file query-v3.pdb (PDB, C-alpha atoms)
MODEL        1
ATOM      1  CA  MET Y  13     -24.400 113.864-243.934  1.00  0.00           C
ATOM      2  CA  ARG Y  14     -25.186 115.823-240.752  1.00  0.00           C
ATOM      3  CA  ALA Y  15     -22.327 118.261-241.528  1.00  0.00           C
ATOM      4  CA  LEU Y  16     -23.701 118.819-245.045  1.00  0.00           C
ATOM      5  CA  LEU Y  17     -27.199 119.410-243.687  1.00  0.00           C
ATOM      6  CA  ALA Y  18     -25.863 121.914-241.136  1.00  0.00           C
ATOM      7  CA  ALA Y  19     -23.933 123.766-243.873  1.00  0.00           C
ATOM      8  CA  VAL Y  20     -27.033 123.982-246.096  1.00  0.00           C
ATOM      9  CA  THR Y  21     -29.129 125.174-243.160  1.00  0.00           C
ATOM     10  CA  MET Y  22     -26.593 127.858-242.210  1.00  0.00           C
ATOM     11  CA  LEU Y  23     -26.535 129.107-245.817  1.00  0.00           C
ATOM     12  CA  GLN Y  24     -30.324 129.345-245.730  1.00  0.00           C
ATOM     13  CA  ALA Y  25     -30.086 131.306-242.469  1.00  0.00           C
ATOM     14  CA  LEU Y  26     -27.808 133.853-244.118  1.00  0.00           C
ATOM     15  CA  ILE Y  27     -30.312 134.249-246.946  1.00  0.00           C
ATOM     16  CA  THR Y  28     -33.522 134.385-244.909  1.00  0.00           C
ATOM     17  CA  GLY Y  29     -32.452 136.409-241.852  1.00  0.00           C
ATOM     18  CA  ASP Y  30     -31.551 135.896-238.202  1.00  0.00           C
ATOM     19  CA  CYS Y  31     -34.147 133.306-237.172  1.00  0.00           C
ATOM     20  CA  LEU Y  32     -32.931 130.545-234.873  1.00  0.00           C
ATOM     21  CA  PHE Y  33     -32.472 127.001-236.182  1.00  0.00           C
ATOM     22  CA  CYS Y  34     -33.255 124.002-233.959  1.00  0.00           C
ATOM     23  CA  GLU Y  35     -33.406 120.265-234.409  1.00  0.00           C
ATOM     24  CA  GLN Y  36     -36.960 118.872-234.415  1.00  0.00           C
ATOM     25  CA  CYS Y  37     -37.847 115.263-233.580  1.00  0.00           C
ATOM     26  CA  PHE Y  38     -40.202 113.103-231.524  1.00  0.00           C
ATOM     27  CA  ALA Y  39     -39.596 109.438-230.655  1.00  0.00           C
ATOM     28  CA  LEU Y  40     -41.641 107.051-228.506  1.00  0.00           C
ATOM     29  CA  HIS Y  41     -39.893 104.401-226.378  1.00  0.00           C
ATOM     30  CA  ASN Y  42     -36.517 106.107-226.795  1.00  0.00           C
ATOM     31  CA  SER Y  43     -34.212 108.215-224.646  1.00  0.00           C
ATOM     32  CA  SER Y  44     -33.029 110.259-227.627  1.00  0.00           C
ATOM     33  CA  CYS Y  45     -34.061 111.211-231.143  1.00  0.00           C
ATOM     34  CA  SER Y  46     -32.712 112.889-234.260  1.00  0.00           C
ATOM     35  CA  GLY Y  47     -34.580 114.658-237.009  1.00  0.00           C
ATOM     36  CA  ILE Y  48     -34.691 117.706-239.257  1.00  0.00           C
ATOM     37  CA  MET Y  49     -33.209 121.140-238.712  1.00  0.00           C
ATOM     38  CA  LYS Y  50     -36.077 123.607-238.531  1.00  0.00           C
ATOM     39  CA  GLN Y  51     -36.102 127.378-238.900  1.00  0.00           C
ATOM     40  CA  CYS Y  52     -37.994 128.771-235.908  1.00  0.00           C
ATOM     41  CA  PRO Y  53     -40.513 131.631-235.998  1.00  0.00           C
ATOM     42  CA  PRO Y  54     -38.989 135.105-235.415  1.00  0.00           C
ATOM     43  CA  ASP Y  55     -40.210 135.337-231.797  1.00  0.00           C
ATOM     44  CA  VAL Y  56     -38.447 132.085-230.753  1.00  0.00           C
ATOM     45  CA  THR Y  57     -35.198 132.653-228.850  1.00  0.00           C
ATOM     46  CA  HIS Y  58     -34.441 129.118-227.583  1.00  0.00           C
ATOM     47  CA  CYS Y  59     -34.225 125.501-228.719  1.00  0.00           C
ATOM     48  CA  MET Y  60     -35.227 122.710-226.356  1.00  0.00           C
ATOM     49  CA  ALA Y  61     -34.671 118.987-225.845  1.00  0.00           C
ATOM     50  CA  GLY Y  62     -36.316 116.793-223.246  1.00  0.00           C
ATOM     51  CA  LEU Y  63     -37.700 113.508-222.012  1.00  0.00           C
ATOM     52  CA  GLU Y  64     -41.130 112.507-220.763  1.00  0.00           C
ATOM     53  CA  GLU Y  65     -41.969 109.250-218.989  1.00  0.00           C
ATOM     54  CA  GLU Y  66     -45.544 108.240-218.300  1.00  0.00           C
ATOM     55  CA  THR Y  67     -46.638 105.044-216.546  1.00  0.00           C
ATOM     56  CA  VAL Y  68     -50.024 103.407-215.958  1.00  0.00           C
ATOM     57  CA  GLY Y  69     -49.785  99.977-214.337  1.00  0.00           C
ATOM     58  CA  SER Y  70     -46.930  98.136-216.062  1.00  0.00           C
ATOM     59  CA  ASP Y  71     -47.219 100.150-219.294  1.00  0.00           C
ATOM     60  CA  VAL Y  72     -44.340 102.648-219.493  1.00  0.00           C
ATOM     61  CA  ILE Y  73     -44.037 105.159-222.347  1.00  0.00           C
ATOM     62  CA  LEU Y  74     -40.742 107.052-222.612  1.00  0.00           C
ATOM     63  CA  THR Y  75     -40.626 109.882-225.147  1.00  0.00           C
ATOM     64  CA  ALA Y  76     -37.705 111.955-226.407  1.00  0.00           C
ATOM     65  CA  PHE Y  77     -38.392 115.291-228.094  1.00  0.00           C
ATOM     66  CA  LYS Y  78     -36.591 118.315-229.574  1.00  0.00           C
ATOM     67  CA  ASP Y  79     -37.969 121.479-231.134  1.00  0.00           C
ATOM     68  CA  CYS Y  80     -38.057 125.259-231.173  1.00  0.00           C
ATOM     69  CA  LEU Y  81     -39.208 126.420-227.745  1.00  0.00           C
ATOM     70  CA  ASP Y  82     -42.642 128.010-227.664  1.00  0.00           C
ATOM     71  CA  PRO Y  83     -42.019 131.322-225.823  1.00  0.00           C
ATOM     72  CA  SER Y  84     -45.029 130.606-223.575  1.00  0.00           C
ATOM     73  CA  GLN Y  85     -43.247 127.487-222.248  1.00  0.00           C
ATOM     74  CA  LYS Y  86     -39.970 129.142-221.281  1.00  0.00           C
ATOM     75  CA  ALA Y  87     -40.847 128.710-217.576  1.00  0.00           C
ATOM     76  CA  ALA Y  88     -40.414 124.934-218.041  1.00  0.00           C
ATOM     77  CA  CYS Y  89     -36.719 125.212-218.943  1.00  0.00           C
ATOM     78  CA  GLY Y  90     -34.433 123.428-216.504  1.00  0.00           C
ATOM     79  CA  ARG Y  91     -37.283 122.276-214.259  1.00  0.00           C
ATOM     80  CA  GLU Y  92     -38.502 118.791-213.376  1.00  0.00           C
ATOM     81  CA  PHE Y  93     -42.215 118.073-213.315  1.00  0.00           C
ATOM     82  CA  SER Y  94     -43.508 114.886-211.736  1.00  0.00           C
ATOM     83  CA  PHE Y  95     -46.722 113.368-210.383  1.00  0.00           C
ATOM     84  CA  ASN Y  96     -46.620 110.055-208.538  1.00  0.00           C
ATOM     85  CA  ALA Y  97     -49.847 108.161-207.751  1.00  0.00           C
ATOM     86  CA  PRO Y  98     -50.440 104.462-206.975  1.00  0.00           C
ATOM     87  CA  ALA Y  99     -49.716 102.466-210.163  1.00  0.00           C
ATOM     88  CA  ALA Y 100     -49.374 105.651-212.229  1.00  0.00           C
ATOM     89  CA  SER Y 101     -46.845 108.440-212.706  1.00  0.00           C
ATOM     90  CA  VAL Y 102     -45.675 111.117-215.092  1.00  0.00           C
ATOM     91  CA  TRP Y 103     -42.285 112.834-215.213  1.00  0.00           C
ATOM     92  CA  THR Y 104     -40.795 115.305-217.655  1.00  0.00           C
ATOM     93  CA  SER Y 105     -37.701 117.476-217.841  1.00  0.00           C
ATOM     94  CA  ARG Y 106     -36.263 119.652-220.578  1.00  0.00           C
ATOM     95  CA  ALA Y 107     -33.118 121.649-221.265  1.00  0.00           C
ATOM     96  CA  CYS Y 108     -33.143 124.881-223.266  1.00  0.00           C
ATOM     97  CA  CYS Y 109     -30.388 126.713-225.149  1.00  0.00           C
ATOM     98  CA  ASP Y 110     -30.172 129.813-227.299  1.00  0.00           C
ATOM     99  CA  SER Y 111     -27.937 129.214-230.331  1.00  0.00           C
ATOM    100  CA  ASP Y 112     -28.374 127.547-233.728  1.00  0.00           C
ATOM    101  CA  PHE Y 113     -28.402 123.722-233.609  1.00  0.00           C
ATOM    102  CA  CYS Y 114     -27.687 123.747-229.847  1.00  0.00           C
ATOM    103  CA  ASN Y 115     -30.259 121.001-229.143  1.00  0.00           C
ATOM    104  CA  SER Y 116     -28.680 118.486-231.531  1.00  0.00           C
ATOM    105  CA  GLY Y 117     -27.026 115.304-230.258  1.00  0.00           C
ATOM    106  CA  ASP Y 118     -28.059 113.270-227.222  1.00  0.00           C
ATOM    107  CA  VAL Y 119     -30.909 114.492-225.001  1.00  0.00           C
ATOM    108  CA  LYS Y 120     -29.242 115.493-221.731  1.00  0.00           C
ATOM    109  CA  VAL Y 121     -31.523 116.159-218.764  1.00  0.00           C
ATOM    110  CA  PRO Y 122     -31.154 115.100-215.115  1.00  0.00           C
ATOM    111  CA  PRO Y 123     -32.775 111.691-214.439  1.00  0.00           C
ATOM    112  CA  PRO Y 124     -35.835 111.430-212.155  1.00  0.00           C
ATOM    113  CA  ASP Y 125     -35.012 111.721-208.451  1.00  0.00           C
ATOM    114  CA  ASN Y 126     -36.701 108.736-206.800  1.00  0.00           C
ATOM    115  CA  THR Y 127     -35.187 109.296-203.343  1.00  0.00           C
ATOM    116  CA  PRO Y 128     -37.872 109.443-200.580  1.00  0.00           C
ATOM    117  CA  ASN Y 129     -37.910 112.938-199.043  1.00  0.00           C
ATOM    118  CA  GLY Y 130     -39.973 112.502-195.867  1.00  0.00           C
ATOM    119  CA  TYR Y 131     -43.327 113.700-197.251  1.00  0.00           C
ATOM    120  CA  ILE Y 132     -46.451 111.634-197.909  1.00  0.00           C
ATOM    121  CA  CYS Y 133     -49.782 112.186-199.653  1.00  0.00           C
ATOM    122  CA  GLU Y 134     -53.059 110.333-199.913  1.00  0.00           C
ATOM    123  CA  GLY Y 135     -52.986 108.444-203.183  1.00  0.00           C
ATOM    124  CA  CYS Y 136     -55.311 106.622-205.553  1.00  0.00           C
ATOM    125  CA  THR Y 137     -55.702 105.822-209.239  1.00  0.00           C
ATOM    126  CA  SER Y 138     -58.917 105.163-211.156  1.00  0.00           C
ATOM    127  CA  ASP Y 139     -59.334 104.692-214.904  1.00  0.00           C
ATOM    128  CA  GLN Y 140     -63.085 104.130-214.715  1.00  0.00           C
ATOM    129  CA  SER Y 141     -64.346 107.699-214.518  1.00  0.00           C
ATOM    130  CA  ALA Y 142     -63.434 111.237-213.610  1.00  0.00           C
ATOM    131  CA  GLU Y 143     -65.181 110.828-210.269  1.00  0.00           C
ATOM    132  CA  PRO Y 144     -63.029 110.914-207.102  1.00  0.00           C
ATOM    133  CA  CYS Y 145     -61.250 107.705-206.064  1.00  0.00           C
ATOM    134  CA  THR Y 146     -62.653 106.000-202.999  1.00  0.00           C
ATOM    135  CA  GLU Y 147     -59.870 103.497-202.239  1.00  0.00           C
ATOM    136  CA  THR Y 148     -56.810 105.405-201.102  1.00  0.00           C
ATOM    137  CA  GLU Y 149     -53.352 104.644-199.735  1.00  0.00           C
ATOM    138  CA  ASP Y 150     -50.347 106.651-198.607  1.00  0.00           C
ATOM    139  CA  VAL Y 151     -47.845 107.585-201.305  1.00  0.00           C
ATOM    140  CA  GLN Y 152     -44.202 108.243-200.432  1.00  0.00           C
ATOM    141  CA  CYS Y 153     -43.049 111.502-202.042  1.00  0.00           C
ATOM    142  CA  THR Y 154     -39.626 111.635-203.708  1.00  0.00           C
ATOM    143  CA  GLY Y 155     -37.145 114.224-204.917  1.00  0.00           C
ATOM    144  CA  LYS Y 156     -38.726 117.690-205.094  1.00  0.00           C
ATOM    145  CA  GLN Y 157     -42.286 116.449-204.545  1.00  0.00           C
ATOM    146  CA  ASN Y 158     -43.572 118.353-201.501  1.00  0.00           C
ATOM    147  CA  THR Y 159     -47.153 118.904-202.663  1.00  0.00           C
ATOM    148  CA  CYS Y 160     -50.240 116.679-202.892  1.00  0.00           C
ATOM    149  CA  GLY Y 161     -52.206 116.752-206.132  1.00  0.00           C
ATOM    150  CA  THR Y 162     -55.619 115.556-207.287  1.00  0.00           C
ATOM    151  CA  PHE Y 163     -56.149 115.265-211.055  1.00  0.00           C
ATOM    152  CA  ARG Y 164     -59.464 114.443-212.712  1.00  0.00           C
ATOM    153  CA  GLY Y 165     -60.015 114.506-216.453  1.00  0.00           C
ATOM    154  CA  THR Y 166     -59.436 112.960-219.866  1.00  0.00           C
ATOM    155  CA  VAL Y 167     -55.947 111.653-220.608  1.00  0.00           C
ATOM    156  CA  LEU Y 168     -54.759 110.864-224.133  1.00  0.00           C
ATOM    157  CA  ARG Y 169     -51.746 108.554-224.038  1.00  0.00           C
ATOM    158  CA  PRO Y 170     -49.756 108.098-227.284  1.00  0.00           C
ATOM    159  CA  GLY Y 171     -51.534 105.705-229.631  1.00  0.00           C
ATOM    160  CA  GLU Y 172     -54.606 105.414-227.422  1.00  0.00           C
ATOM    161  CA  ALA Y 173     -58.051 106.961-227.339  1.00  0.00           C
ATOM    162  CA  GLY Y 174     -58.761 109.361-224.497  1.00  0.00           C
ATOM    163  CA  ARG Y 175     -59.865 107.834-221.170  1.00  0.00           C
ATOM    164  CA  GLU Y 176     -61.226 109.320-217.974  1.00  0.00           C
ATOM    165  CA  TYR Y 177     -58.808 109.122-215.040  1.00  0.00           C
ATOM    166  CA  THR Y 178     -58.583 110.225-211.435  1.00  0.00           C
ATOM    167  CA  PHE Y 179     -55.154 110.424-209.786  1.00  0.00           C
ATOM    168  CA  LYS Y 180     -54.189 111.438-206.265  1.00  0.00           C
ATOM    169  CA  GLY Y 181     -50.589 111.512-205.118  1.00  0.00           C
ATOM    170  CA  CYS Y 182     -47.342 113.432-204.715  1.00  0.00           C
ATOM    171  CA  VAL Y 183     -46.466 116.208-207.127  1.00  0.00           C
ATOM    172  CA  THR Y 184     -43.803 118.868-207.575  1.00  0.00           C
ATOM    173  CA  GLN Y 185     -44.905 122.465-207.017  1.00  0.00           C
ATOM    174  CA  ASP Y 186     -43.746 123.357-210.534  1.00  0.00           C
ATOM    175  CA  PHE Y 187     -46.143 120.769-211.973  1.00  0.00           C
ATOM    176  CA  CYS Y 188     -49.016 122.435-210.142  1.00  0.00           C
ATOM    177  CA  LYS Y 189     -48.016 125.885-211.418  1.00  0.00           C
ATOM    178  CA  VAL Y 190     -46.952 125.337-215.029  1.00  0.00           C
ATOM    179  CA  GLY Y 191     -46.161 121.665-215.695  1.00  0.00           C
ATOM    180  CA  ILE Y 192     -49.388 120.196-216.998  1.00  0.00           C
ATOM    181  CA  PHE Y 193     -49.352 122.573-219.968  1.00  0.00           C
ATOM    182  CA  ASN Y 194     -45.817 121.485-220.891  1.00  0.00           C
ATOM    183  CA  LEU Y 195     -46.381 117.768-221.464  1.00  0.00           C
ATOM    184  CA  VAL Y 196     -45.433 116.796-225.013  1.00  0.00           C
ATOM    185  CA  SER Y 197     -46.377 113.131-225.361  1.00  0.00           C
ATOM    186  CA  THR Y 198     -49.361 112.695-223.021  1.00  0.00           C
ATOM    187  CA  GLN Y 199     -52.183 115.210-223.395  1.00  0.00           C
ATOM    188  CA  SER Y 200     -55.023 116.166-221.048  1.00  0.00           C
ATOM    189  CA  ASN Y 201     -58.307 117.953-221.580  1.00  0.00           C
ATOM    190  CA  ASN Y 202     -61.463 118.699-219.614  1.00  0.00           C
ATOM    191  CA  TYR Y 203     -59.401 118.315-216.476  1.00  0.00           C
ATOM    192  CA  GLY Y 204     -59.102 119.757-213.009  1.00  0.00           C
ATOM    193  CA  LEU Y 205     -55.934 119.836-210.913  1.00  0.00           C
ATOM    194  CA  LYS Y 206     -55.940 120.763-207.216  1.00  0.00           C
ATOM    195  CA  CYS Y 207     -52.808 121.002-205.084  1.00  0.00           C
ATOM    196  CA  SER Y 208     -52.184 121.272-201.346  1.00  0.00           C
ATOM    197  CA  PRO Y 209     -49.128 120.953-199.055  1.00  0.00           C
ATOM    198  CA  ALA Y 210     -47.839 117.430-198.457  1.00  0.00           C
ATOM    199  CA  LEU Y 211     -47.675 115.944-194.950  1.00  0.00           C
ATOM    200  CA  GLU Y 212     -44.239 115.688-193.401  1.00  0.00           C
ATOM    201  CA  VAL Y 213     -43.643 112.305-191.768  1.00  0.00           C
TER     202      VAL Y 213
ENDMDL
END
call {"tool": "encode", "arguments": {"input": "query-v3.pdb", "output": "structure tokens"}}
result
Amino acid sequence: MRALLAAVTMLQALITGDCLFCEQCFALHNSSCSGIMKQCPPDVTHCMAGLEEETVGSDVILTAFKDCLDPSQKAACGREFSFNAPAASVWTSRACCDSDFCNSGDVKVPPPDNTPNGYICEGCTSDQSAEPCTETEDVQCTGKQNTCGTFRGTVLRPGEAGREYTFKGCVTQDFCKVGIFNLVSTQSNNYGLKCSPALEV
């Protein structure tokens, strides 16, 4: 069936022009997904596939996604974005490619690096308001996290209404620069994000 679909899609590509074709899907609580083959807009040059994992307390939401890559999000290709606060975290990574159907099959991105790296940040989590946390603790940074971040704003987790959160903890520099705009599953609005260098232990 997949071979037939690919053949039909390729025939359509010959008829309609040189636009890229990518697989498009979105699946909660899964490490992979499969869906339709989509003809991308003319300005799209890459397909993408990725994973996003978001945790609050004991509630973990893993999301797999594939689509045409929005040209404005090309900076996210091949990078890992993570934010680790007490009892809360978010991590996402995506791979990009530039040929028809290249994002089909299993989602293949490097797993999160949870190895302590010798940096720490002040950390706290509050789901009561967007006001600063008052009870803080040290958070051990891992992987490429060498920056401290403070997030305040509305977070919309999949299937839930938006809630006000404050998070302080370790974050990757890429998350501070471009990562928050590249989350697919969890959305944020009316937020502020401040970053500063982490403390080396």
call {"tool": "closest_residue", "arguments": {"input": "query-v3.pdb", "among": "Y:Thr137, Y:Asn129, Y:Gln199, Y:Gln185", "to": "Cys160 (chain Y)", "atoms": "all atoms listed in the file"}}
result
Y:Gln185
call {"tool": "closest_residue", "arguments": {"input": "query-v3.pdb", "among": "Y:Ser94, Y:Gln51, Y:Thr184, Y:Ser197", "to": "Ala39 (chain Y)", "atoms": "all atoms listed in the file"}}
result
Y:Ser197
call {"tool": "closest_residue", "arguments": {"input": "query-v3.pdb", "among": "Y:Asn115, Y:Ser101, Y:Asn194, Y:Ser43", "to": "Gly181 (chain Y)", "atoms": "all atoms listed in the file"}}
result
Y:Ser101
call {"tool": "closest_atom_pairs", "arguments": {"input": "query-v3.pdb", "of": "region 56-124 of chain Y", "to": "region 173-180 of chain Y", "cutoff": "9 Å", "atoms": "only C-alpha atoms", "output": "Markdown table"}}
result
| residue | atom | partner | partner_atom | distance |
| --- | --- | --- | --- | --- |
| Y:Phe95 | CA | Y:Lys180 | CA | 8.7 |
| Y:Asn96 | CA | Y:Lys180 | CA | 8.0 |
| Y:Ala97 | CA | Y:Lys180 | CA | 5.6 |
| Y:Pro98 | CA | Y:Lys180 | CA | 8.0 |
| Y:Ala100 | CA | Y:Phe179 | CA | 7.9 |
call {"tool": "closest_residue", "arguments": {"input": "query-v3.pdb", "among": "Y:Val121, Y:Ala87, Y:Cys182, Y:Val167", "to": "Leu63 (chain Y)", "atoms": "only C-alpha atoms"}}
result
Y:Val121
call {"tool": "resolve_selection", "arguments": {"input": "query-v3.pdb", "expression": "the PyMOL selection byres ((chain Y and resi 33) around 9)", "output": "number ranges by chain"}}
result
Y: 21-22, 25, 31-32, 34-35, 49-52, 59, 80, 111-114
call {"tool": "atom_distance", "arguments": {"input": "query-v3.pdb", "atom1": "CA of Gly130 (chain Y)", "atom2": "CA of Asp71 (chain Y)"}}
result
27.5 Å
call {"tool": "resolve_selection", "arguments": {"input": "query-v3.pdb", "expression": "the PyMOL selection byres ((chain Y and resi 204) around 8)", "output": "PDB file with C-alpha atoms, in the coordinates of the input"}}
result
ATOM      1  CA  THR Y 162     -55.619 115.556-207.287  1.00  0.00           C
ATOM      2  CA  PHE Y 163     -56.149 115.265-211.055  1.00  0.00           C
ATOM      3  CA  ARG Y 164     -59.464 114.443-212.712  1.00  0.00           C
ATOM      4  CA  GLY Y 165     -60.015 114.506-216.453  1.00  0.00           C
ATOM      5  CA  ASN Y 202     -61.463 118.699-219.614  1.00  0.00           C
ATOM      6  CA  TYR Y 203     -59.401 118.315-216.476  1.00  0.00           C
ATOM      7  CA  LEU Y 205     -55.934 119.836-210.913  1.00  0.00           C
ATOM      8  CA  LYS Y 206     -55.940 120.763-207.216  1.00  0.00           C
TER       9      LYS Y 206
END
call {"tool": "decode", "arguments": {"input": "query-v3.pdb", "residues": "region 29-55 of chain Y", "atoms": "C-alpha atoms", "output": "PDB file, in the first residue's frame"}}
result
ATOM      1  CA  GLY Y  29       5.861  20.677 -10.751  1.00  0.00           C
ATOM      2  CA  ASP Y  30       8.979  20.363  -8.611  1.00  0.00           C
ATOM      3  CA  CYS Y  31       7.523  20.877  -5.128  1.00  0.00           C
ATOM      4  CA  LEU Y  32       8.918  18.653  -2.391  1.00  0.00           C
ATOM      5  CA  PHE Y  33       6.822  15.825  -0.943  1.00  0.00           C
ATOM      6  CA  CYS Y  34       7.063  14.940   2.759  1.00  0.00           C
ATOM      7  CA  GLU Y  35       5.262  12.611   5.109  1.00  0.00           C
ATOM      8  CA  GLN Y  36       2.953  14.406   7.564  1.00  0.00           C
ATOM      9  CA  CYS Y  37       1.832  12.953  10.902  1.00  0.00           C
ATOM     10  CA  PHE Y  38       1.459  13.751  14.598  1.00  0.00           C
ATOM     11  CA  ALA Y  39       1.096  11.145  17.361  1.00  0.00           C
ATOM     12  CA  LEU Y  40       0.867  11.582  21.137  1.00  0.00           C
ATOM     13  CA  HIS Y  41       2.437   8.996  23.472  1.00  0.00           C
ATOM     14  CA  ASN Y  42       4.439   7.453  20.627  1.00  0.00           C
ATOM     15  CA  SER Y  43       8.055   7.453  19.489  1.00  0.00           C
ATOM     16  CA  SER Y  44       7.073   7.291  15.818  1.00  0.00           C
ATOM     17  CA  CYS Y  45       4.155   8.006  13.514  1.00  0.00           C
ATOM     18  CA  SER Y  46       3.015   7.462   9.943  1.00  0.00           C
ATOM     19  CA  GLY Y  47       0.576   9.467   7.891  1.00  0.00           C
ATOM     20  CA  ILE Y  48      -0.117  11.051   4.519  1.00  0.00           C
ATOM     21  CA  MET Y  49       2.319  12.205   1.869  1.00  0.00           C
ATOM     22  CA  LYS Y  50       1.922  15.954   1.507  1.00  0.00           C
ATOM     23  CA  GLN Y  51       3.008  18.283  -1.278  1.00  0.00           C
ATOM     24  CA  CYS Y  52       4.906  21.149   0.351  1.00  0.00           C
ATOM     25  CA  PRO Y  53       4.617  24.832  -0.588  1.00  0.00           C
ATOM     26  CA  PRO Y  54       7.119  25.987  -3.261  1.00  0.00           C
ATOM     27  CA  ASP Y  55       9.417  27.733  -0.750  1.00  0.00           C
TER      28      ASP Y  55
END
